[in-house]
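Input: a single structure, listed below in structure tokens.
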Amino acid sequence: MSKLALEDHIVDLLGFVADDLETVQTAREQFDKSRGDGPLDSAFSQSAAELHAALRLADGFDIDQMVSEYRALRASVVKQWVAHHRSLAETDIEDLTRFNEAIDQAVTESVAHYTKMINDSRDLFLGVLGHDLRNPLGAVSMGAQWMEKSGTTDAKQARVISEIRMAADRATQILNDLLDLTRSSFGTQIPVTKTRIDIAALCQEIADEFRAVNADRRFEVTHEGDPLVSCDPGRLGQVLSNLMGNAIQYGDVTTPITVTVAGNDPDALTINVHNLGSPISPEAQKSIFQSWTRGQDVGNLSGHSTHLGLGLYIAKLIVEAHGGEIAVTSNEQTGTCFSIRLPRR
């Protein structure tokens, strides 16, 4: 923006501040404003502060630069104010206090509006990305599956085709995670279609899939009590696949990964996925189910991760959509255990 445009916008901001100073204000309203909780229906919050945030975002200012403008504006006004009042009367001190409260309220409104616009743009981007890439990835996956079924006499070609199919499947899973994240960002619960199934059989099925591609790893699936529960098998399989995949990635390769289904409780069923190996730190455990969070530092492991740090966050959303809970315990002595508790009804 030009210097004139910047100065003109400052006039708009200060005009609203001046109007605010002339408005009668109760002690309670003054207290609320000091905490950034001004009236929601004020012209100040609806135009000046939000407009300032929108303009700065459109012009490429980051949020720190936008806030620094308010800091500079506050400092300039106070400096001029004090310079023109050699001795401050009680009313001047009150006006200065209210001026600072008004600026604080403007900062709150601008930051809130700036953040909302950023989040809306991110969610739109993720939604479009997930939708537009699904079809070409599906075509790649179907083509690779057809080539696998057609067969080939060249072992090298067969391996390349298999890698193409697995890469397409991993990319599709990443897109599914992004779409689930976008859905949750809009406040929409992940949809589940429940049917009564044998959870122990589902755990065994997922473990068999991992055995097929990880011949050097051992899985032990056990159950006790009633393994039947009402759930969405596809969604719950997504959770179990994530937990078992993490156990493979982070667990001790010399010890088995154990999956235990406990169905003795008539009201709920519990699934435990356990592995030995380096524990998750207490600090990481506190945020491990948040979005974009990685449970452990994997920089010392070979290979490249294909995950975005969304798996456990989405697992939590799926479990909660079933009315259940998911938790983790991890230490040096007993290893790492992820526990899922699902209500039977």
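Residues in the structure tokens are numbered from 1 in each chain, the chains being A, B, ... in the order shown, and ligands are numbered from 1 in the order shown.
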
field: Residue set, segment 5-247 of chain A restricted to helix (DSSP H, G or I), as an MDAnalysis selection string
entry: chainID A and resid 5:21 27:34 43:58 63:83 90:150 155:185 199:213 233:247

Mind checking which residues fall within 8 Å of segment 241-254 of chain A, counting only C-alpha atoms, ignoring those fewer than 4 positions away in the same chain, and posting them as an mmCIF file with N, CA, C and O atoms, in the first residue's frame?
```cif
data_model
loop_
_atom_site.group_PDB
_atom_site.id
_atom_site.type_symbol
_atom_site.label_atom_id
_atom_site.label_comp_id
_atom_site.auth_asym_id
_atom_site.auth_seq_id
_atom_site.Cartn_x
_atom_site.Cartn_y
_atom_site.Cartn_z
ATOM 1 N N ILE A 206 -6.369 -57.299 10.068
ATOM 2 C CA ILE A 206 -5.404 -56.209 9.888
ATOM 3 C C ILE A 206 -3.984 -56.713 10.136
ATOM 4 O O ILE A 206 -3.046 -56.374 9.396
ATOM 5 N N ALA A 207 -3.795 -57.546 11.177
ATOM 6 C CA ALA A 207 -2.469 -58.088 11.475
ATOM 7 C C ALA A 207 -1.960 -58.943 10.319
ATOM 8 O O ALA A 207 -0.770 -58.888 9.967
ATOM 9 N N PHE A 210 -0.498 -56.807 7.593
ATOM 10 C CA PHE A 210 0.845 -56.310 7.906
ATOM 11 C C PHE A 210 1.884 -57.424 7.821
ATOM 12 O O PHE A 210 3.022 -57.182 7.411
ATOM 13 N N ASP A 216 9.393 -59.901 8.555
ATOM 14 C CA ASP A 216 10.318 -59.993 9.682
ATOM 15 C C ASP A 216 9.679 -59.588 11.016
ATOM 16 O O ASP A 216 10.344 -59.664 12.058
ATOM 17 N N ARG A 217 8.421 -59.178 11.005
ATOM 18 C CA ARG A 217 7.775 -58.749 12.241
ATOM 19 C C ARG A 217 6.730 -59.774 12.689
ATOM 20 O O ARG A 217 6.049 -60.391 11.864
ATOM 21 N N GLY A 237 -11.126 -50.269 11.319
ATOM 22 C CA GLY A 237 -9.959 -50.868 10.678
ATOM 23 C C GLY A 237 -8.905 -49.825 10.363
ATOM 24 O O GLY A 237 -7.696 -50.089 10.445
ATOM 25 N N VAL A 273 -3.096 -52.223 21.794
ATOM 26 C CA VAL A 273 -2.019 -52.479 20.837
ATOM 27 C C VAL A 273 -0.712 -52.108 21.521
ATOM 28 O O VAL A 273 -0.488 -50.936 21.849
ATOM 29 N N HIS A 274 0.136 -53.116 21.733
ATOM 30 C CA HIS A 274 1.331 -52.925 22.567
ATOM 31 C C HIS A 274 2.594 -53.300 21.803
ATOM 32 O O HIS A 274 2.612 -54.242 21.015
ATOM 33 N N ASN A 275 3.651 -52.528 22.044
ATOM 34 C CA ASN A 275 4.964 -52.864 21.500
ATOM 35 C C ASN A 275 6.056 -52.400 22.459
ATOM 36 O O ASN A 275 5.867 -51.438 23.210
ATOM 37 N N LEU A 276 7.179 -53.087 22.443
ATOM 38 C CA LEU A 276 8.349 -52.661 23.196
ATOM 39 C C LEU A 276 9.211 -51.785 22.306
ATOM 40 O O LEU A 276 9.071 -51.787 21.086
ATOM 41 N N GLY A 277 10.115 -51.047 22.918
ATOM 42 C CA GLY A 277 10.978 -50.147 22.164
ATOM 43 C C GLY A 277 11.137 -48.832 22.890
ATOM 44 O O GLY A 277 10.763 -48.693 24.057
ATOM 45 N N SER A 278 11.672 -47.836 22.197
ATOM 46 C CA SER A 278 11.887 -46.520 22.805
ATOM 47 C C SER A 278 10.556 -45.920 23.225
ATOM 48 O O SER A 278 9.612 -45.869 22.424
ATOM 49 N N VAL A 298 11.737 -39.433 14.604
ATOM 50 C CA VAL A 298 12.123 -40.596 13.814
ATOM 51 C C VAL A 298 13.297 -40.274 12.911
ATOM 52 O O VAL A 298 13.575 -40.976 11.955
ATOM 53 N N GLY A 311 -2.413 -39.228 11.672
ATOM 54 C CA GLY A 311 -2.998 -40.535 11.920
ATOM 55 C C GLY A 311 -3.641 -40.680 13.278
ATOM 56 O O GLY A 311 -4.797 -41.108 13.396
ATOM 57 N N LEU A 312 -2.918 -40.325 14.344
ATOM 58 C CA LEU A 312 -3.459 -40.494 15.693
ATOM 59 C C LEU A 312 -4.571 -39.495 15.985
ATOM 60 O O LEU A 312 -5.507 -39.795 16.726
ATOM 61 N N ALA A 315 -7.498 -40.982 14.297
ATOM 62 C CA ALA A 315 -7.903 -42.154 15.077
ATOM 63 C C ALA A 315 -8.757 -41.726 16.271
ATOM 64 O O ALA A 315 -9.777 -42.349 16.582
ATOM 65 N N PHE A 338 -1.354 -48.483 23.241
ATOM 66 C CA PHE A 338 -2.510 -47.665 22.885
ATOM 67 C C PHE A 338 -3.769 -48.465 23.215
ATOM 68 O O PHE A 338 -3.890 -49.630 22.806
#
```

Query raised in the report: If you count only C-alpha atoms, which residues fall within 12 Å of Ala75 of chain A, apart from same-chain ones fewer than 4 positions away, as a PyMOL selection string?
Result: chain A and resi 68-71+79-82+96+99-100+103

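With only C-alpha atoms as the atoms that count, the minimum distance from Asp104 of chain A to the choices A:Ala139, A:Ala58, A:Ala155, A:Val17 is reached by A:Val17.
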
Min atom-atom distance to Asp265 of chain A from the set A:Leu317, A:Leu55, A:Leu342, A:Ile63, counting only C-alpha atoms, belongs to A:Leu342

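Note that atom CA of Asn272 of chain A and atom CA of Thr258 of chain A are 7.9 Å apart.
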
Using backbone DSSP assignments, extract all strand (DSSP E) residues from segment 91-334 of chain A; output them as an NGL selection string. :A and (195-198 or 219-225 or 228-231 or 257-263 or 268-275 or 325-331)

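Computed from the coordinates, the atom CA of Asp123 of chain A to atom CA of Asp62 of chain A distance equals 18.4 Å.
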
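Ranking A:Lys149, A:Lys286, A:Arg235, A:Arg345 by their shortest atom-to-atom distance to Ala327 of chain A, with only C-alpha atoms included, puts A:Lys286 first.
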